[in-house]
>>> print(open('upload.txt').read())   # compact mmCIF, C-alpha atoms
# COMPACT_ATOMS: atom_id res chain seq x y z
CA MET A 1 -14.97 -15.97 12.73
CA GLY A 2 -13.93 -15.93 9.08
CA LYS A 3 -11.23 -13.86 7.49
CA GLY A 4 -13.47 -11.64 5.38
CA PRO A 5 -13.48 -7.87 5.84
CA VAL A 6 -15.26 -6.67 8.96
CA ARG A 7 -18.65 -5.22 8.14
CA ALA A 8 -19.97 -2.13 9.86
CA VAL A 9 -23.55 -3.27 10.18
CA ALA A 10 -22.74 -6.96 10.34
CA THR A 11 -26.03 -8.07 11.81
CA THR A 12 -27.93 -6.78 8.80
CA GLY A 13 -26.24 -9.32 6.52
CA ALA A 14 -26.10 -8.08 2.95
CA MET A 15 -28.40 -5.17 3.65
CA VAL A 16 -27.96 -2.17 1.37
CA LEU A 17 -29.74 1.09 2.01
CA ALA A 18 -31.41 2.79 -0.95
CA LEU A 19 -30.67 6.50 -1.21
CA THR A 20 -31.06 9.22 -3.83
CA LEU A 21 -28.23 11.71 -4.28
CA ALA A 22 -26.05 13.35 -6.93
CA GLY A 23 -23.90 11.43 -9.43
CA VAL A 24 -20.16 11.34 -10.01
CA GLY A 25 -17.92 12.41 -12.85
CA ASP A 26 -14.94 11.35 -14.84
CA ALA A 27 -11.54 10.07 -13.85
CA PRO A 28 -8.64 12.46 -13.11
CA ALA A 29 -5.28 13.39 -14.72
CA ALA A 30 -1.51 13.32 -13.89
CA PRO A 31 0.50 13.20 -10.62
CA LEU A 32 2.71 15.78 -8.94
CA SER A 33 6.03 15.72 -7.16
CA PRO A 34 6.74 13.86 -3.89
CA ARG A 35 6.62 14.86 -0.25
CA GLN A 36 7.74 12.66 2.64
CA ASP A 37 5.87 13.65 5.80
CA PRO A 38 2.63 15.38 6.83
CA PRO A 39 2.55 18.44 9.10
CA ASN A 40 4.61 17.84 12.22
CA GLY A 41 1.60 18.46 14.41
CA SER A 42 -0.35 15.53 12.97
CA ASP A 43 2.06 13.24 14.81
CA SER A 44 1.43 14.96 18.14
CA ASP A 45 -1.80 13.18 19.07
CA GLY A 46 -3.61 14.80 16.17
CA TYR A 47 -4.63 17.87 18.11
CA GLY A 48 -1.90 20.40 17.32
CA SER A 49 0.46 22.17 19.67
CA ASP A 50 -2.22 24.28 21.37
CA SER A 51 -4.43 21.48 22.64
CA GLY A 52 -6.07 22.16 25.96
CA PRO A 53 -8.08 19.97 28.32
CA LEU A 54 -11.39 18.41 27.35
CA PRO A 55 -14.38 20.64 28.02
CA ASP A 56 -16.83 20.06 30.85
CA GLY A 57 -19.62 17.58 30.29
CA TYR A 58 -17.62 14.72 28.79
CA GLY A 59 -17.44 12.62 31.94
CA SER A 60 -20.86 11.05 32.42
CA ASP A 61 -22.13 7.71 31.17
CA SER A 62 -25.77 8.62 31.46
CA GLY A 63 -27.86 9.12 28.34
CA LEU A 64 -25.01 8.76 25.85
CA LEU A 65 -26.58 6.32 23.42
CA PRO A 66 -29.84 7.18 21.68
CA ASP A 67 -32.89 5.06 22.33
CA GLY A 68 -33.50 2.13 20.02
CA TYR A 69 -29.98 0.92 19.26
CA GLY A 70 -30.04 -2.85 19.24
CA SER A 71 -33.82 -3.08 19.64
CA ASP A 72 -36.21 -4.83 17.28
CA SER A 73 -37.88 -2.63 14.73
CA GLY A 74 -40.81 -3.08 12.42
CA PRO A 75 -41.19 -1.98 8.80
CA LEU A 76 -39.44 1.15 7.57
CA PRO A 77 -41.24 3.93 9.48
CA ASP A 78 -42.21 7.37 8.27
CA GLY A 79 -39.33 9.82 8.17
CA TYR A 80 -36.65 7.31 7.12
CA GLY A 81 -36.81 8.25 3.45
CA PRO A 82 -36.28 11.42 1.41
CA ALA A 83 -38.67 14.28 1.88
CA ASP A 84 -41.01 15.09 -0.97
CA GLY A 85 -39.18 16.84 -3.75
CA HIS A 86 -35.72 15.64 -2.71
CA GLY A 87 -33.73 13.35 -4.92
CA SER A 88 -32.21 12.96 -8.37
CA ASP A 89 -32.30 10.63 -11.32
CA GLU A 90 -29.73 8.29 -9.86
CA ASP A 91 -30.28 5.68 -7.15
CA CYS A 92 -27.59 5.43 -4.50
CA THR A 93 -26.73 3.08 -1.66
CA VAL A 94 -25.00 3.14 1.70
CA SER A 95 -23.14 -0.12 2.24
CA GLU A 96 -22.52 -2.07 5.43
CA ILE A 97 -19.14 -0.34 5.78
CA LEU A 98 -20.79 3.10 5.46
CA GLU A 99 -19.75 3.73 1.87
CA PRO A 100 -22.24 6.04 0.15
CA SER A 101 -22.26 5.27 -3.55
CA CYS A 102 -23.14 8.90 -4.29
CA GLY A 103 -21.97 11.80 -2.16
CA VAL A 104 -19.25 12.10 0.47
CA TRP A 105 -19.15 12.11 4.28
CA TRP A 106 -17.65 15.39 5.60
CA GLY A 107 -15.63 15.52 8.80
CA ALA A 108 -12.76 16.90 10.87
CA SER A 109 -9.96 16.30 13.29
CA PRO A 110 -11.02 19.30 15.39
CA TYR A 111 -8.87 21.88 17.14
CA GLN A 112 -8.36 21.14 20.83
CA ARG A 113 -10.51 18.03 20.39
CA ARG A 114 -13.73 20.09 20.33
CA VAL A 115 -15.79 19.85 17.17
CA GLU A 116 -18.59 22.16 18.31
CA PRO A 117 -16.77 25.49 17.66
CA LEU A 118 -15.92 24.36 14.14
CA GLU A 119 -19.48 23.29 13.47
CA GLU A 120 -20.82 26.61 14.75
CA ALA A 121 -18.34 28.54 12.59
CA VAL A 122 -19.35 26.78 9.37
CA ASP A 123 -23.02 26.18 10.19
CA ARG A 124 -23.13 22.40 9.79
CA ARG A 125 -22.48 19.23 11.71
CA MET A 126 -19.48 17.09 10.88
CA ASP A 127 -20.40 13.58 9.73
CA ILE A 128 -17.15 12.07 11.04
CA VAL A 129 -14.92 13.20 13.92
CA TYR A 130 -11.32 11.96 14.08
CA THR A 131 -10.00 11.04 17.55
CA TRP A 132 -6.57 9.82 18.66
CA HIS A 133 -5.53 7.29 21.30
CA GLY A 134 -2.68 5.00 22.28
CA ILE A 135 -2.58 1.23 22.05
CA ASP A 136 -2.15 1.02 25.82
CA GLN A 137 -5.47 2.74 26.55
CA ALA A 138 -8.13 0.23 27.52
CA HIS A 139 -11.04 2.66 27.87
CA ILE A 140 -11.64 3.35 24.19
CA PRO A 141 -14.07 4.56 23.01
CA GLY A 142 -14.17 7.00 25.89
CA GLU A 143 -16.81 9.42 27.11
CA ARG A 144 -15.94 11.89 24.37
CA GLU A 145 -16.50 9.35 21.59
CA LYS A 146 -19.73 8.14 23.18
CA LYS A 147 -21.03 11.69 23.34
CA LEU A 148 -20.20 12.25 19.67
CA ILE A 149 -22.04 9.05 18.77
CA ALA A 150 -25.03 9.99 20.92
CA GLU A 151 -25.19 13.26 18.96
CA GLU A 152 -25.38 11.17 15.76
CA ARG A 153 -21.88 11.65 14.41
CA PHE A 154 -19.63 8.84 13.21
CA VAL A 155 -16.28 8.45 14.97
CA HIS A 156 -12.93 7.51 13.44
CA THR A 157 -10.26 6.60 16.01
CA ASN A 158 -6.58 6.19 15.24
CA ILE A 159 -4.90 3.73 17.62
CA GLU A 160 -1.25 4.81 17.80
CA ALA A 161 1.64 2.45 18.50
CA ARG A 162 2.44 4.69 21.46
CA ARG A 163 1.80 4.69 25.20
CA PHE A 164 -0.70 7.47 25.83
CA THR A 165 -0.82 6.58 29.54
CA ARG A 166 2.80 7.74 29.92
CA SER A 167 4.32 11.20 29.74
CA GLY A 168 5.49 12.10 26.25
CA HIS A 169 3.51 9.25 24.70
CA PRO A 170 6.59 7.12 23.90
CA PRO A 171 6.35 4.78 20.90
CA VAL A 172 6.14 1.02 21.25
CA SER A 173 7.50 -1.61 18.92
CA TYR A 174 5.29 -3.53 16.54
CA ARG A 175 6.93 -6.69 17.87
CA SER A 176 5.59 -6.01 21.36
CA ILE A 177 2.09 -5.76 19.89
CA ILE A 178 2.50 -9.00 17.93
CA ASP A 179 3.76 -10.74 21.07
CA GLY A 180 0.59 -9.82 22.93
CA GLU A 181 1.86 -7.15 25.33
CA PHE A 182 -1.20 -4.98 24.64
CA ASP A 183 -3.81 -7.68 24.15
CA ARG A 184 -5.66 -6.76 27.33
CA SER A 185 -6.18 -3.14 26.34
CA LEU A 186 -7.01 -4.11 22.74
CA ARG A 187 -9.64 -6.61 23.86
CA SER A 188 -11.15 -3.95 26.12
CA GLN A 189 -11.31 -1.49 23.21
CA ALA A 190 -12.93 -4.11 20.99
CA GLY A 191 -15.46 -5.04 23.65
CA THR A 192 -16.55 -1.44 24.13
CA ILE A 193 -16.88 -0.86 20.39
CA ALA A 194 -18.91 -4.06 20.07
CA GLU A 195 -21.22 -2.95 22.87
CA LEU A 196 -21.87 0.38 21.15
CA GLY A 197 -23.48 -1.49 18.28
CA VAL A 198 -22.90 1.38 15.82
CA PRO A 199 -20.46 1.65 12.89
CA TYR A 200 -17.03 2.77 14.15
CA PHE A 201 -14.02 3.62 11.97
CA VAL A 202 -10.64 2.36 13.29
CA THR A 203 -7.07 2.90 12.06
CA PHE A 204 -3.89 1.43 13.50
CA ASP A 205 -0.79 3.68 13.46
CA HIS A 206 -1.70 6.11 10.71
CA GLU A 207 0.94 7.19 8.15
CA ALA A 208 3.18 4.18 8.69
CA ASP A 209 4.99 5.16 5.47
CA ALA A 210 6.13 8.54 6.87
CA ASN A 211 9.81 9.01 7.65
CA LYS A 212 9.09 9.48 11.36
CA ARG A 213 7.57 5.98 11.49
CA TYR A 214 8.82 3.88 8.61
CA ASN A 215 11.28 1.23 9.87
CA ARG A 216 11.39 2.96 13.27
CA ARG A 217 8.77 1.06 15.28
CA GLY A 218 9.50 -2.11 13.39
CA THR A 219 9.78 -3.43 9.87
CA PRO A 220 6.96 -3.07 7.33
CA GLU A 221 6.36 -6.79 7.72
CA GLU A 222 5.95 -6.32 11.48
CA PHE A 223 3.51 -3.46 10.88
CA VAL A 224 1.37 -5.83 8.80
CA GLN A 225 1.57 -8.54 11.46
CA ALA A 226 0.61 -6.06 14.17
CA TRP A 227 -2.32 -4.74 12.10
CA ARG A 228 -3.64 -8.26 11.51
CA HIS A 229 -3.15 -9.18 15.16
CA ILE A 230 -5.29 -6.22 16.22
CA VAL A 231 -8.03 -6.93 13.68
CA ASP A 232 -8.11 -10.60 14.71
CA LEU A 233 -8.47 -9.64 18.38
CA TYR A 234 -11.30 -7.23 17.60
CA ARG A 235 -13.06 -9.95 15.63
CA GLU A 236 -12.68 -12.43 18.45
CA GLU A 237 -14.35 -9.90 20.77
CA GLY A 238 -17.28 -9.48 18.40
CA ALA A 239 -16.45 -5.96 17.17
CA ASP A 240 -17.90 -6.60 13.71
CA ASN A 241 -19.05 -2.97 13.67
CA ALA A 242 -15.40 -1.82 13.43
CA ILE A 243 -14.61 -0.47 9.96
CA TRP A 244 -10.87 -0.75 9.24
CA VAL A 245 -9.24 2.26 7.57
CA TRP A 246 -5.65 1.85 6.27
CA ASN A 247 -4.08 5.31 6.27
CA VAL A 248 -0.83 6.48 4.60
CA THR A 249 0.62 9.89 3.72
CA GLY A 250 -0.37 9.73 0.06
CA TRP A 251 2.85 11.37 -1.10
CA LYS A 252 4.49 10.14 -4.27
CA GLY A 253 7.95 9.73 -2.77
CA ASN A 254 6.55 7.10 -0.39
CA PHE A 255 4.69 4.95 -2.91
CA GLU A 256 7.44 2.33 -3.10
CA ARG A 257 6.93 1.70 0.62
CA LEU A 258 3.23 0.96 0.38
CA PRO A 259 3.18 -2.64 -0.94
CA LYS A 260 5.03 -4.00 2.09
CA LEU A 261 2.73 -2.06 4.43
CA TRP A 262 -0.46 -3.47 2.93
CA PRO A 263 -2.30 -5.71 5.46
CA GLY A 264 -4.42 -7.42 2.78
CA ASN A 265 -7.92 -6.97 1.42
CA ASP A 266 -9.41 -9.18 4.15
CA TYR A 267 -8.08 -6.80 6.82
CA VAL A 268 -8.93 -3.41 5.30
CA ASP A 269 -12.32 -1.84 4.50
CA TRP A 270 -11.31 1.71 3.45
CA LEU A 271 -8.15 3.20 1.94
CA SER A 272 -7.00 6.57 3.25
CA TRP A 273 -4.33 9.22 2.71
CA GLU A 274 -3.75 12.95 3.22
CA ALA A 275 -4.16 15.98 0.92
CA TYR A 276 -2.21 19.01 2.14
CA ASN A 277 -0.80 22.25 0.81
CA MET A 278 1.97 23.58 3.10
CA THR A 279 3.20 26.66 1.28
CA GLY A 280 5.02 28.91 3.74
CA CYS A 281 5.14 26.31 6.53
CA ASP A 282 8.21 26.98 8.67
CA ILE A 283 8.71 23.23 9.13
CA HIS A 284 8.83 22.85 5.33
CA PRO A 285 11.00 25.81 4.22
CA HIS A 286 11.51 24.34 0.73
CA TRP A 287 7.79 24.04 0.03
CA THR A 288 7.34 27.11 -2.16
CA GLU A 289 4.83 25.99 -4.79
CA VAL A 290 1.08 25.83 -4.15
CA TYR A 291 -0.72 22.51 -4.56
CA SER A 292 -4.46 22.53 -5.02
CA PHE A 293 -6.61 19.99 -3.20
CA GLU A 294 -6.84 18.02 -6.43
CA GLU A 295 -3.07 18.04 -6.98
CA ALA A 296 -2.55 16.80 -3.44
CA LEU A 297 -5.18 14.07 -3.74
CA ARG A 298 -4.43 12.83 -7.26
CA PRO A 299 -1.08 10.96 -7.09
CA ALA A 300 -2.13 8.35 -4.53
CA TYR A 301 -5.53 7.97 -6.19
CA GLU A 302 -3.92 7.17 -9.52
CA TRP A 303 -1.31 4.88 -7.93
CA ILE A 304 -4.04 2.84 -6.22
CA GLN A 305 -6.06 2.59 -9.41
CA THR A 306 -3.19 1.70 -11.75
CA GLU A 307 -0.57 -0.05 -9.61
CA GLY A 308 -2.49 -1.14 -6.56
CA PRO A 309 -3.90 -4.35 -8.08
CA GLU A 310 -0.45 -5.79 -8.84
CA HIS A 311 0.34 -5.46 -5.12
CA GLY A 312 -2.92 -7.06 -4.03
CA ILE A 313 -4.72 -3.78 -3.22
CA ASP A 314 -8.35 -3.73 -4.31
CA PRO A 315 -8.85 -0.37 -6.09
CA ASP A 316 -12.60 -0.60 -5.65
CA LYS A 317 -12.38 -0.08 -1.90
CA PRO A 318 -13.77 3.29 -0.77
CA VAL A 319 -11.30 6.09 -0.10
CA MET A 320 -11.21 8.47 2.85
CA ILE A 321 -9.06 11.60 2.73
CA GLY A 322 -8.00 11.27 6.35
CA GLU A 323 -6.56 14.77 6.72
CA MET A 324 -6.53 17.80 4.43
CA GLY A 325 -5.99 21.53 4.54
CA THR A 326 -3.94 24.46 3.33
CA THR A 327 -1.87 27.18 4.91
CA HIS A 328 -2.79 30.77 4.03
CA ILE A 329 -2.02 31.37 0.34
CA GLY A 330 -3.89 34.65 -0.15
CA ALA A 331 -7.46 35.68 0.55
CA ARG A 332 -9.11 34.53 -2.68
CA GLU A 333 -6.77 31.56 -3.16
CA THR A 334 -7.32 30.18 0.36
CA ARG A 335 -11.09 30.46 0.06
CA GLU A 336 -11.10 28.78 -3.35
CA TRP A 337 -8.76 25.97 -2.19
CA TYR A 338 -11.59 24.80 0.09
CA SER A 339 -14.66 25.87 -1.87
CA GLU A 340 -13.55 23.89 -4.94
CA ILE A 341 -13.30 20.59 -3.03
CA PRO A 342 -16.80 19.26 -3.85
CA ASP A 343 -16.30 19.74 -7.58
CA VAL A 344 -12.96 17.96 -7.34
CA LEU A 345 -14.54 15.07 -5.45
CA ARG A 346 -17.13 14.60 -8.18
CA ARG A 347 -14.25 13.63 -10.48
CA TYR A 348 -12.80 11.03 -8.09
CA GLU A 349 -15.58 8.52 -7.64
CA ARG A 350 -13.83 6.25 -5.11
CA VAL A 351 -13.43 9.09 -2.57
CA ARG A 352 -16.35 8.79 -0.16
CA ALA A 353 -15.17 10.64 2.96
CA VAL A 354 -13.04 13.74 3.65
CA LYS A 355 -11.83 15.17 6.98
CA VAL A 356 -10.17 18.54 7.51
CA TRP A 357 -7.18 18.70 9.89
CA ASP A 358 -8.26 21.73 11.93
CA ASN A 359 -5.06 22.37 13.87
CA ARG A 360 -1.89 24.46 14.16
CA VAL A 361 1.64 23.06 13.97
CA SER A 362 3.36 26.36 14.74
CA PRO A 363 2.71 30.09 14.26
CA GLY A 364 4.03 29.72 10.72
CA CYS A 365 2.08 26.56 9.91
CA ASP A 366 -1.57 27.02 10.77
CA PHE A 367 -4.43 24.93 9.34
CA ARG A 368 -7.14 26.06 11.76
CA ILE A 369 -10.36 26.90 9.97
CA GLY A 370 -11.48 29.28 12.69
CA ALA A 371 -8.21 31.25 12.64
CA ASN A 372 -8.51 32.32 8.98
CA GLN A 373 -11.68 34.01 7.74
CA HIS A 374 -10.92 33.01 4.16
CA ALA A 375 -10.40 29.36 5.07
CA ARG A 376 -13.57 29.44 7.13
CA LYS A 377 -15.63 30.92 4.32
CA GLY A 378 -14.29 28.46 1.76
CA PHE A 379 -14.77 25.47 4.06
CA GLU A 380 -18.29 26.65 4.87
CA GLU A 381 -19.15 26.99 1.18
CA ALA A 382 -17.76 23.54 0.45
CA GLY A 383 -19.58 21.98 3.39
CA HIS A 384 -22.97 23.15 2.12
CA ASP A 385 -22.55 21.67 -1.34
CA PRO A 386 -25.12 18.84 -1.71
CA TYR A 387 -22.38 16.41 -2.73
CA VAL A 388 -20.77 16.60 0.74
CA LYS A 389 -23.86 17.45 2.76
CA LEU A 390 -25.82 14.23 2.71
CA PRO A 391 -29.38 14.81 3.86
CA GLU A 392 -30.53 13.79 7.32
CA TRP A 393 -32.65 10.92 6.02
CA VAL A 394 -29.43 9.20 4.88
CA ARG A 395 -28.23 9.02 8.48
CA ARG A 396 -31.67 7.89 9.62
CA LEU A 397 -31.46 4.98 7.18
CA VAL A 398 -28.13 3.96 8.71
CA GLU A 399 -29.72 4.14 12.16
CA TYR A 400 -32.65 2.09 10.89
CA ALA A 401 -30.27 -0.63 9.67
CA GLU A 402 -28.64 -0.74 13.11
CA ARG A 403 -32.02 -1.08 14.81
CA ARG A 404 -33.06 -3.80 12.40
CA GLY A 405 -29.93 -5.72 13.49
>>> encode(input="upload.txt", output="structure tokens")
Amino acid sequence: MGKGPVRAVATTGAMVLALTLAGVGDAPAAPLSPRQDPPNGSDSDGYGSDSGPLPDGYGSDSGLLPDGYGSDSGPLPDGYGPADGHGSDEDCTVSEILEPSCGVWWGASPYQRRVEPLEEAVDRRMDIVYTWHGIDQAHIPGEREKKLIAEERFVHTNIEARRFTRSGHPPVSYRSIIDGEFDRSLRSQAGTIAELGVPYFVTFDHEADANKRYNRRGTPEEFVQAWRHIVDLYREEGADNAIWVWNVTGWKGNFERLPKLWPGNDYVDWLSWEAYNMTGCDIHPHWTEVYSFEEALRPAYEWIQTEGPEHGIDPDKPVMIGEMGTTHIGARETREWYSEIPDVLRRYERVRAVKVWDNRVSPGCDFRIGANQHARKGFEEAGHDPYVKLPEWVRRLVEYAERRG
């Protein structure tokens, strides 16, 4: 297989799906001051300190994939286009790597690994659900991911350089990955993803620029080698439906680390970073100012656009805000922090997906949407904005492309 970027709907060739949604706005303004690490809890399997067991009903293989995946289909059937009266003056597309040219996918890394309570609280389904696993786990995607896919959500899985099959999830070295110690589990993961036949977002070792990881599991050069080794193995196993998402913290103080961590345009489909406000967090006692969603998003966006090309980073790649959220900053302020997100996104045209980090680090550092009525209301308002609530016929077009494959 060639070295080009992996395509999500590879069997459809250059197929582009015509959509009709809202347009985008102008470019943004200036950066803010640096931060080094994300919330402590986002390094603890992505579920927060209160994670409990998986709920009942996630253990059966029967009926997980919807009918029609991988089957031949005829012409575009009724119901795969916009309903009468829906649409705008601007044509849009969804690419083979699931980039909508207008509008944004909306998602979450849900509290205690259960997305349903969040969806019920804000009265909408998440487009993307973030899940977390270790590089030593062969059975990925698991029953949980298959269920999410069967219910017509996209899944984004972070594969940590850690042993999730061992107590404490100890880290592993990038060198051990490069040397093939985990090839068996990686090939199993790739085979399962290939068999699913649906687009599947994958990240290796998110936030490699954070202090808790940088130069700890290996050198930046070894991170790049490990990333490429994993992508190459997935390709060899036919997982062309894997969409590769390179994720970093997005904080200005870490920008000088990014060039050496860049795997190359042929090995990355989406760029990703975080957008947090942590005012009052007990793990960040010196964080006293309040950063809006835009102020948290902007520095990395501008760095990619202005300095990325000189380091070989294609600034035209789609952007996913991999994690975002705010601590409580007052009733009105917390609500507005979330409710203003769609308007901010309209000004940053490369951002095409956003996921909330719906978890708690500690009693003094809580990002759970369901634990704060003002956060819930603001997130609900944002999630019903047409710019981040793509209509159902958009997803049906993606499904149609898969069936056509």
>>> closest_residue(input="upload.txt", among="A:Ser292, A:Thr165, A:Asn158, A:Thr306", to="Trp244 in chain A", atoms="all atoms listed in the file")
A:Asn158
>>> residues_near_point(input="upload.txt", point="(-21.1, -1.5, 22.3)", cutoff="10 Å", atoms="all atoms listed in the file", output="count of residues only")
19
>>> atom_distance(input="upload.txt", atom1="CA of Glu323 in chain A", atom2="CA of Arg228 in chain A")
23.7 Å
>>> closest_residue(input="upload.txt", among="A:Leu297, A:Val388, A:Val319, A:Ala208", to="Lys252 in chain A", atoms="all atoms listed in the file")
A:Leu297
>>> closest_residue(input="upload.txt", among="A:Arg335, A:Arg187, A:Arg144, A:His328", to="Phe367 in chain A", atoms="all atoms listed in the file")
A:His328
>>> atom_distance(input="upload.txt", atom1="CA of Ile177 in chain A", atom2="CA of Asp209 in chain A")
18.3 Å
>>> residues_around(input="upload.txt", residues="Pro171 in chain A", least_positions_apart="4", cutoff="10 Å", atoms="only C-alpha atoms", output="count of residues only")
10
>>> residues_around(input="upload.txt", residues="Gly218 in chain A", least_positions_apart="4", cutoff="8 Å", atoms="all atoms listed in the file", output="list in words")
Ser173, Tyr174, Arg175, Tyr214, Glu222 and Phe223 of chain A
>>> closest_residue(input="upload.txt", among="A:Asn215, A:Arg376, A:Gly168, A:Tyr234", to="Ala331 in chain A", atoms="only C-alpha atoms")
A:Arg376
>>> closest_residue(input="upload.txt", among="A:Glu256, A:Glu289, A:Tyr338, A:Val224", to="Trp303 in chain A", atoms="all atoms listed in the file")
A:Glu256
>>> atom_distance(input="upload.txt", atom1="CA of Ser109 in chain A", atom2="CA of Arg298 in chain A")
21.6 Å
>>> closest_residue(input="upload.txt", among="A:Val104, A:Phe201, A:His374, A:Arg360", to="Ile341 in chain A", atoms="all atoms listed in the file")
A:Val104
>>> residues_around(input="upload.txt", residues="Phe182 in chain A", least_positions_apart="4", cutoff="10 Å", atoms="all atoms listed in the file", output="list in words")
Ile135, Asp136, Gln137, Ala138, Ser176, Ile177, Ile178, Leu186, Arg187 and Ile230 of chain A
>>> closest_atom_pairs(input="upload.txt", of="range 223-278 of chain A", to="range 150-156 of chain A", cutoff="12 Å", atoms="all atoms listed in the file", output="CSV")
residue,atom,partner,partner_atom,distance
A:Asn241,CA,A:Val155,CA,11.8
A:Ala242,CA,A:His156,CA,9.7
A:Ile243,CA,A:His156,CA,8.9
A:Trp244,CA,A:His156,CA,9.5
A:Val245,CA,A:His156,CA,8.7
A:Trp246,CA,A:His156,CA,11.7
A:Asn247,CA,A:His156,CA,11.6
A:Trp270,CA,A:His156,CA,11.7
A:Ser272,CA,A:His156,CA,11.8
>>> residues_around(input="upload.txt", residues="range 279-288 of chain A", least_positions_apart="2", cutoff="6 Å", atoms="only C-alpha atoms", output="ChimeraX atom specification")
/A:277,290,364-365
>>> residues_around(input="upload.txt", residues="Arg124 in chain A", least_positions_apart="4", cutoff="10 Å", atoms="all atoms listed in the file", output="PyMOL selection string")
chain A and resi 106+116+118-120+380+383-384+389
